[in-house]
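Peer 1: Quick one: this structure, given as structure tokens, is what I'll be asking you about.
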Protein chains: 2
Amino acid sequence: MQINRILLVEDEEHLLEAIKLNLELEGYQVTAVTDGKKALKSFKEERFNLIVLDVMLPEMNGFQVCETIRLENSEVPILFLTAKNTNEDRVNGLRKGADDYLVKPFNLEELILRVGILIKRGLKSAEVSALNTYTIGEKEINFGSFELSSKDGTKITLTKKETMLLKLLIERKGQVVSREQILETVWNYDRYPSTRTIDNFILSYRKYFEDDPRNPRHFHSIRGVGYKFTD
Amino acid sequence: MQINRILLVEDEEHLLEAIKLNLELEGYQVTAVTDGKKALKSFKEERFNLIVLDVMLPEMNGFQVCETIRLENSEVPILFLTAKNTNEDRVNGLRKGADDYLVKPFNLEELILRVGILIKRGLKSAEVSALNTYTIGEKEINFGSFELSSKDGTKITLTKKETMLLKLLIERKGQVVSREQILETVWNYDRYPSTRTIDNFILSYRKYFEDDPRNPRHFHSIRGVGYKFTD
DNA sequence: AGCTATCTGACACTATTCTGACAATTCAGG
DNA sequence: CCTGAATTGTCAGAATAGTGTCAGATAGCT
């Protein structure tokens, strides 16, 4: 089982320590920071399964942090901690892309429960679905047998990572999958290969599937973001 | 866009009616039942995108219903309504496979928000992608695919920063977004480009979306402040 | 060990982003 | 209503960061 990483953003030192300790006792690896700027910095440098974000922060409030993260097209679940119990705040937060929130004062057990749910959900969505075969042009991919068959009957065996990444892109057909998401899903946090590695896989997909690999019709690169598969 | 179906299980008639009405006003199709047995019957007969489940029910309590459902189908999100505010209850419910819960008395707006989150999560990527679009005149922006499609079928791929800034302006539709805010959000503190850069993006938005780029109807410049998008 | 899959670093290449110049516009104050 | 200062519009390259490509290194399996 992989280690789950949490980014915790909270400016009250005492609370920060308490939450951090408790999450660590649950087996999570916690990066704790005290303001919005540091949060964004960490967010860029590391990969997290969940972000726990206080709304009231110095420098930059939680909503702004959330908005910035969502602009980056990231799907990390975000759990808000809010002191204000007003409706506008909740509506605001949730509309801006939060996945859950807790109103202070909350008890730690409840936080841990919600953290657990959000983390579990993230893993589930990253799991491979029941999709078994897919046809691109003349070729058919069988995700179960890792085989790629052409119309003329020739077969190639795909490797494990080739298959995983291909499946990810096809499942998200039409949508851009960020490099970050690719790493999270295919490499599962246990290793961060250089970004060249991802390109290598795309390179081979283009060789397999594109008539003219220089002008790809299926495997598009979105500069600065990631890749997108289209039919 | 498909209709989202919700199974609502609640024994207090008044509350049941109130919730049902509100969810229907949000565009959901609601099947409302008053006890656990009926709930399981409906669950077997129909397919739902979400189940809203009171814990205190005659015949069979909510946890039992949840447990039974999870034995058959682990996918449907379940939202618990609970009157008791004790920890054991929460732990119990969440461990048994709930995805969220609300403690009574809750306000309806909050319920609707949480319902929205749970439903959205259950949608497939193609469906999520459809939610991730915005239409300006004849053109449609898809923020998931970074595409801009015209009515005539032509498509343009937007770049990363184009998409980010566009998203920011549209999220703040009708409000002026200051240049400073734009820099903070899109450029994320890591670099402050000259103010010409922002203009360049506005320039291209006007080319994309305005009939008469000299007299913009959507992308307005507010002298000394920033820009404003309007419909 | 031997084989294959995966990864890295180097280099070329190019799309995107940025800048600087100048034109056009707006606005305040005379 | 004019004038000058400040801000924005526009555009043509320059600068930069991200990608394509490949050969060889490394890691991991049988």
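Here, A, B, ... name the chains of the structure tokens in the order displayed, residue numbers run from 1 inside each chain, and ligands are numbered from 1 in the same displayed order.
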Check every residue of chain C for an atom within 8 Å of chain A, counting only C-alpha atoms (C1' of nucleotides), and provide those that qualify as an NGL selection string.
Peer 2: :C and (5 or 7-8 or 15)
Peer 1: Show me, as a list in words, the residues that have an atom within 12 Å of DC11 in chain C when counting only C-alpha atoms (C1' of nucleotides), minus same-chain residues fewer than 3 positions from it.
Peer 2: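 Non-adjacent residues within range: DG20, DT21, DC22 and DA23 of chain D.
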Peer 1: Create the file for the chosen residues now, containing N, CA and C atoms (P, O5', C5', C4', C3', O3' and C1' of nucleotides) and written as a short mmCIF file (atom, residue, chain, number, x, y, z; two decimals), in the first residue's frame.
Peer 2:
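Below is the file part_33.cif, written as the result:
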data_model
loop_
_atom_site.label_atom_id
_atom_site.label_comp_id
_atom_site.auth_asym_id
_atom_site.auth_seq_id
_atom_site.Cartn_x
_atom_site.Cartn_y
_atom_site.Cartn_z
P DG D 20 5.88 16.21 -27.59
"O5'" DG D 20 7.23 16.19 -28.45
"C5'" DG D 20 7.27 16.90 -29.66
"C4'" DG D 20 8.37 16.35 -30.57
"C3'" DG D 20 8.37 14.84 -30.74
"O3'" DG D 20 8.74 14.56 -32.10
"C1'" DG D 20 10.39 15.52 -29.71
P DT D 21 8.79 13.12 -32.65
"O5'" DT D 21 10.27 12.67 -32.31
"C5'" DT D 21 11.35 13.48 -32.75
"C4'" DT D 21 12.66 12.87 -32.34
"C3'" DT D 21 12.66 11.34 -32.26
"O3'" DT D 21 13.58 10.87 -33.21
"C1'" DT D 21 13.73 12.31 -30.38
P DC D 22 13.71 9.29 -33.52
"O5'" DC D 22 15.05 8.94 -32.75
"C5'" DC D 22 16.18 9.81 -32.90
"C4'" DC D 22 17.23 9.48 -31.88
"C3'" DC D 22 17.41 7.96 -31.66
"O3'" DC D 22 18.79 7.67 -31.72
"C1'" DC D 22 17.18 9.09 -29.60
P DA D 23 19.26 6.23 -32.12
"O5'" DA D 23 20.70 6.21 -31.46
"C5'" DA D 23 21.35 7.44 -31.12
"C4'" DA D 23 22.05 7.28 -29.78
"C3'" DA D 23 22.56 5.87 -29.50
"O3'" DA D 23 23.81 5.96 -28.84
"C1'" DA D 23 21.07 6.51 -27.79
#
Peer 1: Show me, as a ChimeraX atom specification, every residue of chain B with an atom at most 7 Å from chain A, counting only C-alpha atoms.
Peer 2: /B:99,117,125,144-145,160,164,185
Peer 1: Can you measure CA of Tyr134 in chain A to CA of Thr154 in chain A for me? One decimal in Å is fine.
Peer 2: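 If I compute the distance from CA of Tyr134 in chain A to CA of Thr154 in chain A, I get 16.4 Å.
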Peer 1: Please find the residues of chain D near chain B - the criterion being any atom within 8 Å, counting only C-alpha atoms (C1' of nucleotides) - and write them as a PyMOL selection string.
Peer 2: chain D and resi 7-9
Peer 1: Using only C-alpha atoms (C1' of nucleotides), which protein or nucleic acid residues come within 10 Å of Tyr205 in chain A? Drop anything in the same chain fewer than 3 positions from it, and give the result as a PyMOL selection string.
Peer 2: chain A and resi 162+165-166+199-202+208-210+213+216+218-219
Peer 1: Tell me, as number ranges by chain, which residues lie within 12 Å of DC2 in chain D, counting only C-alpha atoms (C1' of nucleotides); anything in the same chain fewer than 5 positions away does not count.
Peer 2: C: 28-30
Peer 1: Residues at most 9 Å from Val115 in chain B, counting only C-alpha atoms (C1' of nucleotides), excluding those fewer than 4 positions away in the same chain, as a list in words?
Peer 2: Leu23, Leu50, Val52, Leu79, Glu110, Leu111, Ile119 and Lys120 of chain B
Peer 1: Quick one: of C:DC3, C:DC18, C:DC13, C:DC27, who's nearest to DC29 in chain D, counting only C-alpha atoms (C1' of nucleotides)?
Peer 2: C:DC3
Peer 1: Enter the distance from CA of Gly62 in chain A to CA of Lys104 in chain A, in Å, rounded to one decimal.
Peer 2: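 Separating CA of Gly62 in chain A from CA of Lys104 in chain A is a distance of 14.4 Å.
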Peer 1: Just list the residues in range 25-208 of chain A DSSP gives alpha helix (DSSP H) on the backbone, as an MDAnalysis selection string.
Peer 2: chainID A and resid 25 36:45 62:71 87:95 108:126 160:171 179:182 195:208
Peer 1: Let's have the selection written as a tab-separated table (two decimals), in the first residue's frame, with C-alpha atoms.
Peer 2:
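So the final result, stored in out.tsv, reads:
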chain	number	residue	atom	x	y	z
A	25	LEU	CA	-0.73	8.67	13.67
A	36	GLY	CA	-1.17	30.47	1.42
A	37	LYS	CA	2.02	31.30	-0.39
A	38	LYS	CA	3.91	28.46	1.18
A	39	ALA	CA	0.98	26.22	0.38
A	40	LEU	CA	1.18	27.00	-3.31
A	41	LYS	CA	4.90	26.53	-3.25
A	42	SER	CA	4.56	23.08	-1.73
A	43	PHE	CA	1.74	22.26	-4.08
A	44	LYS	CA	3.98	22.92	-7.03
A	45	GLU	CA	6.92	21.00	-5.69
A	62	GLY	CA	-7.93	29.70	1.44
A	63	PHE	CA	-10.34	30.43	-1.38
A	64	GLN	CA	-7.64	32.11	-3.39
A	65	VAL	CA	-5.34	29.19	-2.83
A	66	CYS	CA	-8.08	26.81	-3.90
A	67	GLU	CA	-8.86	28.86	-6.97
A	68	THR	CA	-5.24	28.91	-8.03
A	69	ILE	CA	-4.91	25.20	-7.59
A	70	ARG	CA	-8.06	24.58	-9.59
A	71	LEU	CA	-6.85	26.84	-12.36
A	87	ASN	CA	-23.80	30.33	4.45
A	88	GLU	CA	-22.09	32.57	1.96
A	89	ASP	CA	-18.77	31.23	2.99
A	90	ARG	CA	-19.78	27.66	2.53
A	91	VAL	CA	-21.38	28.28	-0.79
A	92	ASN	CA	-18.35	30.18	-1.91
A	93	GLY	CA	-15.92	27.52	-0.90
A	94	LEU	CA	-17.80	24.66	-2.37
A	95	ARG	CA	-18.48	26.45	-5.63
A	108	LEU	CA	-10.25	15.62	15.36
A	109	GLU	CA	-11.94	12.30	14.92
A	110	GLU	CA	-14.36	13.84	12.51
A	111	LEU	CA	-11.57	15.43	10.55
A	112	ILE	CA	-9.82	12.12	10.31
A	113	LEU	CA	-12.96	10.42	9.09
A	114	ARG	CA	-13.51	12.94	6.35
A	115	VAL	CA	-9.87	12.83	5.38
A	116	GLY	CA	-10.20	9.08	5.09
A	117	ILE	CA	-13.21	9.34	2.81
A	118	LEU	CA	-11.60	11.86	0.53
A	119	ILE	CA	-8.39	9.89	0.25
A	120	LYS	CA	-10.19	6.65	-0.43
A	121	ARG	CA	-12.27	8.30	-3.12
A	122	GLY	CA	-9.18	9.67	-4.79
A	123	LEU	CA	-7.69	6.22	-4.98
A	124	LYS	CA	-10.85	4.74	-6.33
A	125	SER	CA	-11.07	7.20	-9.17
A	126	ALA	CA	-7.52	6.40	-10.08
A	160	LYS	CA	2.66	-2.74	-18.31
A	161	LYS	CA	3.27	0.98	-18.14
A	162	GLU	CA	2.43	1.42	-21.79
A	163	THR	CA	-0.90	-0.15	-21.12
A	164	MET	CA	-1.60	1.85	-17.98
A	165	LEU	CA	-0.87	5.20	-19.48
A	166	LEU	CA	-2.75	4.36	-22.65
A	167	LYS	CA	-5.73	3.33	-20.62
A	168	LEU	CA	-5.62	6.50	-18.59
A	169	LEU	CA	-5.57	8.66	-21.67
A	170	ILE	CA	-8.36	6.72	-23.31
A	171	GLU	CA	-10.53	6.80	-20.21
A	179	ARG	CA	1.55	15.39	-16.31
A	180	GLU	CA	0.92	15.52	-12.61
A	181	GLN	CA	-2.13	13.33	-12.95
A	182	ILE	CA	-0.26	10.94	-15.15
A	195	THR	CA	9.37	14.24	-17.56
A	196	ARG	CA	11.16	12.78	-20.59
A	197	THR	CA	9.84	9.42	-19.62
A	198	ILE	CA	6.24	10.37	-20.25
A	199	ASP	CA	7.20	11.77	-23.63
A	200	ASN	CA	8.78	8.47	-24.49
A	201	PHE	CA	5.52	6.68	-24.05
A	202	ILE	CA	3.67	9.23	-26.11
A	203	LEU	CA	6.35	8.81	-28.73
A	204	SER	CA	5.67	5.12	-28.96
A	205	TYR	CA	1.90	5.59	-29.04
A	206	ARG	CA	2.35	7.89	-31.97
A	207	LYS	CA	4.45	5.29	-33.70
A	208	TYR	CA	1.78	2.68	-33.07
